[in-house]
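Novice: input28.pdb is reproduced below (PDB, C-alpha atoms).
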ATOM      1  CA  MET R   1      15.862  17.506  -3.724
ATOM      2  CA  ILE R   2      12.425  17.704  -2.133
ATOM      3  CA  ASP R   3      12.358  18.469   1.592
ATOM      4  CA  GLU R   4       9.982  15.639   2.351
ATOM      5  CA  ARG R   5       7.710  16.690   5.151
ATOM      6  CA  VAL R   6       4.451  15.048   6.159
ATOM      7  CA  VAL R   7       1.304  16.905   7.127
ATOM      8  CA  LEU R   8       0.361  16.318  10.762
ATOM      9  CA  VAL R   9      -3.378  16.258  11.458
ATOM     10  CA  ASP R  10      -5.667  16.334  14.479
ATOM     11  CA  GLU R  11      -8.451  13.825  15.157
ATOM     12  CA  GLY R  12     -10.769  15.822  12.887
ATOM     13  CA  GLY R  13      -8.320  15.578   9.964
ATOM     14  CA  ARG R  14      -7.303  19.242  10.134
ATOM     15  CA  ALA R  15      -3.666  20.151   9.445
ATOM     16  CA  VAL R  16      -1.798  21.115  12.612
ATOM     17  CA  GLY R  17       1.784  21.279  11.330
ATOM     18  CA  THR R  18       4.448  19.339   9.495
ATOM     19  CA  GLU R  19       7.321  17.060  10.405
ATOM     20  CA  ALA R  20      10.244  15.649   8.451
ATOM     21  CA  LYS R  21       9.254  12.334   6.862
ATOM     22  CA  ALA R  22      12.526  10.809   8.030
ATOM     23  CA  ALA R  23      11.661  11.585  11.664
ATOM     24  CA  VAL R  24       7.879  11.084  11.832
ATOM     25  CA  HIS R  25       7.699   7.260  12.059
ATOM     26  CA  HIS R  26       8.634   5.831  15.463
ATOM     27  CA  ALA R  27       6.950   4.220  18.461
ATOM     28  CA  ALA R  28       4.766   7.317  19.030
ATOM     29  CA  THR R  29       4.094   8.309  15.413
ATOM     30  CA  PRO R  30       1.735  11.293  15.322
ATOM     31  CA  LEU R  31      -1.411  11.123  13.203
ATOM     32  CA  HIS R  32      -0.576  12.341   9.702
ATOM     33  CA  LEU R  33      -1.926  12.498   6.163
ATOM     34  CA  ALA R  34      -1.036   9.797   3.638
ATOM     35  CA  PHE R  35      -2.604   7.942   0.700
ATOM     36  CA  SER R  36      -2.827   4.458  -0.765
ATOM     37  CA  SER R  37      -3.382   3.692  -4.422
ATOM     38  CA  TYR R  38      -4.293   0.700  -6.523
ATOM     39  CA  VAL R  39      -3.296   0.563 -10.173
ATOM     40  CA  VAL R  40      -5.815  -1.454 -12.193
ATOM     41  CA  ASP R  41      -5.183  -2.750 -15.724
ATOM     42  CA  ALA R  42      -7.598  -3.214 -18.643
ATOM     43  CA  ALA R  43      -8.252  -6.823 -17.537
ATOM     44  CA  GLY R  44      -9.307  -5.638 -14.043
ATOM     45  CA  ARG R  45      -6.202  -6.969 -12.295
ATOM     46  CA  VAL R  46      -4.483  -4.953  -9.567
ATOM     47  CA  LEU R  47      -0.797  -4.184  -9.362
ATOM     48  CA  LEU R  48       0.685  -5.261  -6.038
ATOM     49  CA  THR R  49       4.151  -4.285  -4.907
ATOM     50  CA  ARG R  50       6.582  -5.719  -2.417
ATOM     51  CA  ARG R  51       8.198  -3.004  -0.344
ATOM     52  CA  ALA R  52      11.971  -2.664  -0.601
ATOM     53  CA  LEU R  53      13.856  -4.706   1.981
ATOM     54  CA  ASP R  54      15.560  -1.667   3.519
ATOM     55  CA  LYS R  55      12.378   0.402   4.054
ATOM     56  CA  PRO R  56      12.073   1.445   7.714
ATOM     57  CA  THR R  57       8.388   0.463   7.886
ATOM     58  CA  TRP R  58       7.161  -2.949   6.779
ATOM     59  CA  PRO R  59      10.200  -3.905   4.668
ATOM     60  CA  GLY R  60       9.610  -6.768   2.234
ATOM     61  CA  VAL R  61       5.841  -6.771   2.788
ATOM     62  CA  TRP R  62       3.420  -7.071  -0.135
ATOM     63  CA  THR R  63       0.944  -4.219  -0.400
ATOM     64  CA  ASN R  64      -1.171  -2.124  -2.732
ATOM     65  CA  SER R  65       0.426  -0.502  -5.785
ATOM     66  CA  CYS R  66       1.804   2.608  -4.137
ATOM     67  CA  CYS R  67       1.564   4.474  -0.840
ATOM     68  CA  GLY R  68       2.935   7.813   0.176
ATOM     69  CA  HIS R  69       2.503  11.183   1.789
ATOM     70  CA  PRO R  70       1.441  14.419   0.135
ATOM     71  CA  LEU R  71       3.854  17.294   0.519
ATOM     72  CA  PRO R  72       2.471  20.279   2.450
ATOM     73  CA  GLY R  73       0.071  22.089   0.098
ATOM     74  CA  GLU R  74       0.099  19.268  -2.482
ATOM     75  CA  PRO R  75      -3.292  17.885  -3.589
ATOM     76  CA  LEU R  76      -3.589  14.162  -2.885
ATOM     77  CA  GLU R  77      -4.289  13.281  -6.526
ATOM     78  CA  GLN R  78      -1.082  15.054  -7.505
ATOM     79  CA  ALA R  79       0.823  13.182  -4.763
ATOM     80  CA  VAL R  80      -0.514   9.861  -6.083
ATOM     81  CA  ARG R  81       0.717  10.717  -9.586
ATOM     82  CA  ARG R  82       4.102  11.876  -8.265
ATOM     83  CA  ARG R  83       4.712   8.725  -6.228
ATOM     84  CA  LEU R  84       3.521   6.353  -8.989
ATOM     85  CA  ALA R  85       6.061   8.002 -11.309
ATOM     86  CA  ASP R  86       8.839   7.968  -8.660
ATOM     87  CA  GLU R  87       8.298   4.406  -7.422
ATOM     88  CA  LEU R  88       7.114   2.591 -10.552
ATOM     89  CA  ALA R  89       7.765   4.895 -13.552
ATOM     90  CA  ILE R  90       4.007   4.880 -14.192
ATOM     91  CA  VAL R  91       2.288   7.970 -15.581
ATOM     92  CA  VAL R  92      -1.496   7.919 -15.214
ATOM     93  CA  GLU R  93      -4.081  10.320 -16.555
ATOM     94  CA  THR R  94      -6.891   9.598 -14.120
ATOM     95  CA  VAL R  95      -6.746   9.161 -10.360
ATOM     96  CA  GLU R  96     -10.081   8.280  -8.743
ATOM     97  CA  LEU R  97     -10.923   8.606  -5.054
ATOM     98  CA  VAL R  98     -12.549   5.424  -3.683
ATOM     99  CA  LEU R  99     -12.135   5.549   0.131
ATOM    100  CA  PRO R 100     -11.927   9.173   1.298
ATOM    101  CA  GLU R 101     -12.080   8.457   5.030
ATOM    102  CA  PHE R 102      -9.806   5.420   5.396
ATOM    103  CA  ARG R 103      -7.709   5.572   8.560
ATOM    104  CA  TYR R 104      -5.526   3.046  10.326
ATOM    105  CA  ARG R 105      -2.917   2.552  13.006
ATOM    106  CA  ALA R 106      -0.553  -0.417  12.859
ATOM    107  CA  GLU R 107       2.450  -1.394  14.949
ATOM    108  CA  MET R 108       5.400  -3.422  13.698
ATOM    109  CA  PRO R 109       6.991  -6.061  15.962
ATOM    110  CA  THR R 110       9.899  -3.606  16.362
ATOM    111  CA  GLY R 111       7.558  -1.024  17.916
ATOM    112  CA  MET R 112       7.534   1.266  14.855
ATOM    113  CA  VAL R 113       4.024   2.649  14.302
ATOM    114  CA  GLU R 114       2.084   3.839  11.261
ATOM    115  CA  ASN R 115      -0.719   6.235  12.222
ATOM    116  CA  GLU R 116      -2.407   7.679   9.165
ATOM    117  CA  ILE R 117      -5.507   9.194   7.696
ATOM    118  CA  CYS R 118      -4.986   7.551   4.347
ATOM    119  CA  PRO R 119      -7.522   8.108   1.551
ATOM    120  CA  VAL R 120      -7.457   5.385  -1.094
ATOM    121  CA  TYR R 121      -7.311   5.944  -4.866
ATOM    122  CA  ARG R 122      -7.659   3.869  -8.036
ATOM    123  CA  ALA R 123      -5.690   4.567 -11.216
ATOM    124  CA  TRP R 124      -5.973   2.772 -14.557
ATOM    125  CA  TRP R 125      -2.817   1.709 -16.388
ATOM    126  CA  THR R 126      -1.693  -1.304 -18.416
ATOM    127  CA  GLY R 127       1.859  -2.576 -18.813
ATOM    128  CA  ASP R 128       4.725  -3.608 -16.575
ATOM    129  CA  PRO R 129       6.177  -0.955 -14.299
ATOM    130  CA  THR R 130       9.852  -0.156 -13.870
ATOM    131  CA  PRO R 131      10.251  -0.229 -10.084
ATOM    132  CA  ASN R 132      12.661   2.043  -8.250
ATOM    133  CA  PRO R 133      14.662  -0.529  -6.198
ATOM    134  CA  ALA R 134      14.926   1.881  -3.266
ATOM    135  CA  GLU R 135      11.134   1.686  -2.971
ATOM    136  CA  VAL R 136       9.941  -1.570  -4.541
ATOM    137  CA  ALA R 137      11.566  -5.021  -4.349
ATOM    138  CA  ASP R 138       9.081  -6.788  -6.633
ATOM    139  CA  PHE R 139       5.660  -6.486  -8.264
ATOM    140  CA  ARG R 140       2.905  -8.707  -9.561
ATOM    141  CA  TRP R 141      -0.476  -8.360 -11.217
ATOM    142  CA  ALA R 142      -3.253 -10.199  -9.351
ATOM    143  CA  GLU R 143      -6.953 -10.854  -9.642
ATOM    144  CA  TRP R 144      -8.777  -9.039  -6.837
ATOM    145  CA  HIS R 145     -10.264 -12.267  -5.422
ATOM    146  CA  GLU R 146      -6.701 -13.661  -5.053
ATOM    147  CA  VAL R 147      -5.267 -10.756  -3.077
ATOM    148  CA  ARG R 148      -6.542 -11.722   0.382
ATOM    149  CA  ASP R 149      -4.900 -15.147   0.090
ATOM    150  CA  LEU R 150      -1.424 -13.743  -0.506
ATOM    151  CA  PRO R 151       0.966 -14.115   2.431
ATOM    152  CA  ASP R 152       2.650 -11.154   4.080
ATOM    153  CA  LEU R 153       0.176  -8.416   3.135
ATOM    154  CA  SER R 154       0.563  -5.032   4.792
ATOM    155  CA  PRO R 155      -1.870  -4.290   7.625
ATOM    156  CA  TRP R 156      -3.359  -1.322   5.726
ATOM    157  CA  CYS R 157      -3.931  -3.459   2.625
ATOM    158  CA  LEU R 158      -5.770  -6.090   4.687
ATOM    159  CA  LEU R 159      -8.023  -3.408   6.187
ATOM    160  CA  GLN R 160      -8.684  -1.898   2.758
ATOM    161  CA  LEU R 161      -9.731  -5.326   1.456
ATOM    162  CA  ASP R 162     -12.534  -5.295   4.042
ATOM    163  CA  GLU R 163     -13.783  -1.944   2.736
ATOM    164  CA  LEU R 164     -13.367  -2.798  -0.959
ATOM    165  CA  PRO R 165     -14.900  -6.287  -1.302
ATOM    166  CA  GLU R 166     -15.976  -6.037  -4.940
ATOM    167  CA  PRO R 167     -13.632  -6.051  -7.959
ATOM    168  CA  PRO R 168     -11.794  -2.769  -8.625
ATOM    169  CA  SER R 169     -13.825  -2.004 -11.751
ATOM    170  CA  ASP R 170     -16.934  -1.864  -9.517
ATOM    171  CA  TRP R 171     -15.530   0.520  -6.907
ATOM    172  CA  PRO R 172     -17.674   3.651  -6.888
ATOM    173  CA  ILE R 173     -15.927   6.990  -7.150
ATOM    174  CA  ALA R 174     -16.272   8.778  -3.804
ATOM    175  CA  ASP R 175     -17.297  12.339  -3.103
ATOM    176  CA  PRO R 176     -14.118  14.413  -2.512
ATOM    177  CA  THR R 177     -15.944  16.535   0.080
ATOM    178  CA  ARG R 178     -15.645  13.475   2.360
ATOM    179  CA  LEU R 179     -11.847  13.848   2.421
ATOM    180  CA  PRO R 180     -10.368  15.116   5.681
ATOM    181  CA  PRO R 181     -10.041  18.929   5.727
ATOM    182  CA  ALA R 182      -6.238  18.735   5.372
ATOM    183  CA  ALA R 183      -6.697  16.872   2.074
ATOM    184  CA  GLN R 184      -9.285  19.187   0.534
ATOM    185  CA  ILE R 185      -6.689  21.062  -1.501
ATOM    186  CA  GLN R 186      -7.579  21.770  -5.104
ATOM    187  CA  PHE R 187      -5.317  22.152  -8.135
TER
END
Represent the structure from my file as structure tokens, please.
Specialist:
Amino acid sequence: MIDERVVLVDEGGRAVGTEAKAAVHHAATPLHLAFSSYVVDAAGRVLLTRRALDKPTWPGVWTNSCCGHPLPGEPLEQAVRRRLADELAIVVETVELVLPEFRYRAEMPTGMVENEICPVYRAWWTGDPTPNPAEVADFRWAEWHEVRDLPDLSPWCLLQLDELPEPPSDWPIADPTRLPPAAQIQF
């Protein structure tokens, strides 16, 4: 069993410690490192997932393909691959950085807060995933221009839509030196 800890970061994106994942999200969630990913198929559609109904943050909300937190010392690309396999039974060869500096803070009606420096990645894969029901309640493939019109999108997904207006096949690969210092871990 992995001792899931998140990497706490300062305003400059430098690691300042770790905290248990189970305890980090609350009304005063400290800034920490995370990632978002979009799985894109050969037709250019994106895989969207609906978060499991018993998730503590944004249960039942539709969002990007997979989100998560790197383990301390784990490169973000490796964390993306790990979580895609854990949540959706997807194994990808290539993970491409598209938004290295994405950051957001969002508060649920319950007072629970997400507060993350959350670089965004694209991965290419075709097929239907096998969701882990503890993580994912449902999935769907969607054309990029349809995504904004879907109800109940996560706040981070809505913000990412503003920064990624063109279709996923046109997203430029970003320079990894623009990642926050805590995420500049190499294989």
Novice: Env of Ile117 in chain R: 7 Å cut, atoms = only C-alpha atoms, seq-sep filter 5 positions within chain, self excluded. Answer as a PyMOL selection string.
Specialist: chain R and resi 32-34+102-104
Novice: Using only C-alpha atoms, pick whichever of R:Ile173, R:Leu97, R:Ile185, R:Val120 has the shortest atom-to-atom distance to Leu161 in chain R.
Specialist: R:Val120
Novice: Specify as a list in words each residue included when the PyMOL selection byres ((chain R and resi 18-20) around 6) is applied to this file.
Specialist: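 Checking the PyMOL selection byres ((chain R and resi 18-20) around 6) against this file, the residues are Arg5, Val6, Val7, Leu8, Gly17, Lys21, Ala22 and Ala23 of chain R.
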Novice: Any chance you could resolve the PyMOL selection byres ((chain R and resi 153) around 10) against this file and give the residues as a list in words?
Specialist: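 Applying the PyMOL selection byres ((chain R and resi 153) around 10) to the structure shown produces Leu48, Thr49, Arg50, Trp58, Gly60, Val61, Trp62, Thr63, Asn64, Val147, Arg148, Asp149, Leu150, Pro151, Asp152, Ser154, Pro155, Trp156, Cys157 and Leu158 of chain R.
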Novice: Let me know the residues the PyMOL selection byres ((chain R and resi 87-90) around 6) catches in the file above, as number ranges by chain.
Specialist: R: 83-86, 91, 129-132, 135
Novice: Between R:Glu96, R:Asp128, R:Glu114, R:Asp175, which is the closest to Pro56 in chain R once you count all atoms listed in the file?
Specialist: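 The closest residue to Pro56 in chain R is R:Glu114.
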Novice: Identify, on the basis of all atoms listed in the file, every residue whose closest approach to Ala79 in chain R does not exceed 8 Å; exclude the query and any residue fewer than 3 positions from it along the same chain; express the result as a list in words.
Specialist: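 The residues that qualify are Gly68, His69, Pro70, Leu71, Glu74, Pro75, Leu76, Arg82 and Arg83 of chain R.
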Novice: Tell me which of R:Val98, R:Ala137, R:Ala27, R:Val9 sits closest to Ser169 in chain R, counting all atoms listed in the file.
Specialist: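 Distance minimum relative to Ser169 in chain R lands on R:Val98.
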Novice: Quote the spacing between CA of Trp144 in chain R and CA of Arg178 in chain R in Å to one decimal place.
Specialist: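 Separating CA of Trp144 in chain R from CA of Arg178 in chain R is a distance of 25.3 Å.
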Novice: Between R:Ala142, R:Met108, R:Leu179, R:Leu99, single out the one closest to Gln160 in chain R, counting all atoms listed in the file.
Specialist: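 Smallest distance to Gln160 in chain R is found for R:Leu99.
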Novice: Counting all atoms listed in the file, which of R:Pro59, R:Leu164, R:Pro172, R:Arg122 gets nearest to Asp41 in chain R?
Specialist: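 Using all atoms listed in the file, the shortest distance to Asp41 in chain R belongs to R:Arg122.
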Novice: Please fill the gaps in range 155-166 of chain R so it has all heavy atoms, and write that as an mmCIF file, in the coordinates of the input.
Specialist:
data_model
loop_
_atom_site.group_PDB
_atom_site.id
_atom_site.type_symbol
_atom_site.label_atom_id
_atom_site.label_comp_id
_atom_site.auth_asym_id
_atom_site.auth_seq_id
_atom_site.Cartn_x
_atom_site.Cartn_y
_atom_site.Cartn_z
ATOM 1 N N PRO R 155 -0.647 -4.416 6.824
ATOM 2 C CA PRO R 155 -1.870 -4.290 7.625
ATOM 3 C C PRO R 155 -2.879 -3.332 6.995
ATOM 4 O O PRO R 155 -4.079 -3.561 7.071
ATOM 5 C CB PRO R 155 -1.379 -3.783 8.978
ATOM 6 C CG PRO R 155 0.042 -3.444 8.833
ATOM 7 C CD PRO R 155 0.552 -4.042 7.562
ATOM 8 N N TRP R 156 -2.415 -2.256 6.346
ATOM 9 C CA TRP R 156 -3.359 -1.322 5.726
ATOM 10 C C TRP R 156 -4.045 -1.956 4.517
ATOM 11 O O TRP R 156 -5.225 -1.726 4.289
ATOM 12 C CB TRP R 156 -2.698 0.001 5.374
ATOM 13 C CG TRP R 156 -1.530 -0.088 4.444
ATOM 14 C CD1 TRP R 156 -1.552 -0.026 3.083
ATOM 15 C CD2 TRP R 156 -0.162 -0.262 4.818
ATOM 16 N NE1 TRP R 156 -0.273 -0.163 2.583
ATOM 17 C CE2 TRP R 156 0.595 -0.304 3.631
ATOM 18 C CE3 TRP R 156 0.506 -0.379 6.038
ATOM 19 C CZ2 TRP R 156 1.983 -0.462 3.615
ATOM 20 C CZ3 TRP R 156 1.877 -0.539 6.029
ATOM 21 C CH2 TRP R 156 2.604 -0.584 4.827
ATOM 22 N N CYS R 157 -3.331 -2.780 3.776
ATOM 23 C CA CYS R 157 -3.931 -3.459 2.625
ATOM 24 C C CYS R 157 -5.023 -4.421 3.101
ATOM 25 O O CYS R 157 -6.110 -4.468 2.518
ATOM 26 C CB CYS R 157 -2.862 -4.187 1.825
ATOM 27 S SG CYS R 157 -3.447 -4.872 0.250
ATOM 28 N N LEU R 158 -4.763 -5.169 4.160
ATOM 29 C CA LEU R 158 -5.770 -6.090 4.687
ATOM 30 C C LEU R 158 -7.030 -5.343 5.119
ATOM 31 O O LEU R 158 -8.147 -5.779 4.839
ATOM 32 C CB LEU R 158 -5.197 -6.881 5.863
ATOM 33 C CG LEU R 158 -4.185 -7.961 5.494
ATOM 34 C CD1 LEU R 158 -3.487 -8.491 6.740
ATOM 35 C CD2 LEU R 158 -4.869 -9.085 4.726
ATOM 36 N N LEU R 159 -6.866 -4.204 5.769
ATOM 37 C CA LEU R 159 -8.023 -3.408 6.187
ATOM 38 C C LEU R 159 -8.766 -2.842 4.981
ATOM 39 O O LEU R 159 -9.998 -2.790 4.968
ATOM 40 C CB LEU R 159 -7.573 -2.275 7.111
ATOM 41 C CG LEU R 159 -7.054 -2.704 8.487
ATOM 42 C CD1 LEU R 159 -6.368 -1.545 9.194
ATOM 43 C CD2 LEU R 159 -8.178 -3.280 9.326
ATOM 44 N N GLN R 160 -8.046 -2.429 3.965
ATOM 45 C CA GLN R 160 -8.684 -1.898 2.758
ATOM 46 C C GLN R 160 -9.474 -2.975 2.034
ATOM 47 O O GLN R 160 -10.533 -2.698 1.455
ATOM 48 C CB GLN R 160 -7.640 -1.261 1.841
ATOM 49 C CG GLN R 160 -7.063 0.015 2.421
ATOM 50 C CD GLN R 160 -5.776 0.458 1.769
ATOM 51 O OE1 GLN R 160 -5.266 -0.169 0.839
ATOM 52 N NE2 GLN R 160 -5.210 1.549 2.271
ATOM 53 N N LEU R 161 -9.000 -4.214 2.073
ATOM 54 C CA LEU R 161 -9.731 -5.326 1.456
ATOM 55 C C LEU R 161 -11.124 -5.464 2.065
ATOM 56 O O LEU R 161 -12.089 -5.779 1.365
ATOM 57 C CB LEU R 161 -8.966 -6.632 1.620
ATOM 58 C CG LEU R 161 -7.702 -6.787 0.788
ATOM 59 C CD1 LEU R 161 -6.924 -8.009 1.233
ATOM 60 C CD2 LEU R 161 -8.032 -6.871 -0.682
ATOM 61 N N ASP R 162 -11.231 -5.215 3.375
ATOM 62 C CA ASP R 162 -12.534 -5.295 4.042
ATOM 63 C C ASP R 162 -13.492 -4.209 3.547
ATOM 64 O O ASP R 162 -14.701 -4.404 3.518
ATOM 65 C CB ASP R 162 -12.374 -5.172 5.557
ATOM 66 C CG ASP R 162 -11.679 -6.373 6.168
ATOM 67 O OD1 ASP R 162 -11.684 -7.454 5.546
ATOM 68 O OD2 ASP R 162 -11.111 -6.232 7.269
ATOM 69 N N GLU R 163 -12.945 -3.059 3.176
ATOM 70 C CA GLU R 163 -13.783 -1.944 2.736
ATOM 71 C C GLU R 163 -14.001 -1.919 1.220
ATOM 72 O O GLU R 163 -14.823 -1.135 0.733
ATOM 73 C CB GLU R 163 -13.174 -0.633 3.206
ATOM 74 C CG GLU R 163 -13.183 -0.507 4.724
ATOM 75 C CD GLU R 163 -12.846 0.879 5.217
ATOM 76 O OE1 GLU R 163 -13.318 1.856 4.597
ATOM 77 O OE2 GLU R 163 -12.120 0.985 6.215
ATOM 78 N N LEU R 164 -13.257 -2.736 0.501
ATOM 79 C CA LEU R 164 -13.367 -2.798 -0.959
ATOM 80 C C LEU R 164 -13.579 -4.256 -1.383
ATOM 81 O O LEU R 164 -12.719 -4.859 -2.021
ATOM 82 C CB LEU R 164 -12.096 -2.236 -1.607
ATOM 83 C CG LEU R 164 -11.797 -0.764 -1.356
ATOM 84 C CD1 LEU R 164 -10.364 -0.423 -1.778
ATOM 85 C CD2 LEU R 164 -12.800 0.117 -2.086
ATOM 86 N N PRO R 165 -14.726 -4.852 -1.036
ATOM 87 C CA PRO R 165 -14.900 -6.287 -1.302
ATOM 88 C C PRO R 165 -15.110 -6.633 -2.777
ATOM 89 O O PRO R 165 -14.761 -7.719 -3.204
ATOM 90 C CB PRO R 165 -16.139 -6.647 -0.477
ATOM 91 C CG PRO R 165 -16.901 -5.373 -0.370
ATOM 92 C CD PRO R 165 -15.861 -4.281 -0.328
ATOM 93 N N GLU R 166 -15.685 -5.722 -3.545
ATOM 94 C CA GLU R 166 -15.976 -6.037 -4.940
ATOM 95 C C GLU R 166 -14.757 -5.785 -5.820
ATOM 96 O O GLU R 166 -13.803 -5.151 -5.396
ATOM 97 C CB GLU R 166 -17.181 -5.235 -5.447
ATOM 98 C CG GLU R 166 -17.012 -3.740 -5.410
ATOM 99 C CD GLU R 166 -17.328 -3.118 -4.049
ATOM 100 O OE1 GLU R 166 -18.079 -3.686 -3.256
ATOM 101 O OE2 GLU R 166 -16.784 -2.040 -3.785
#
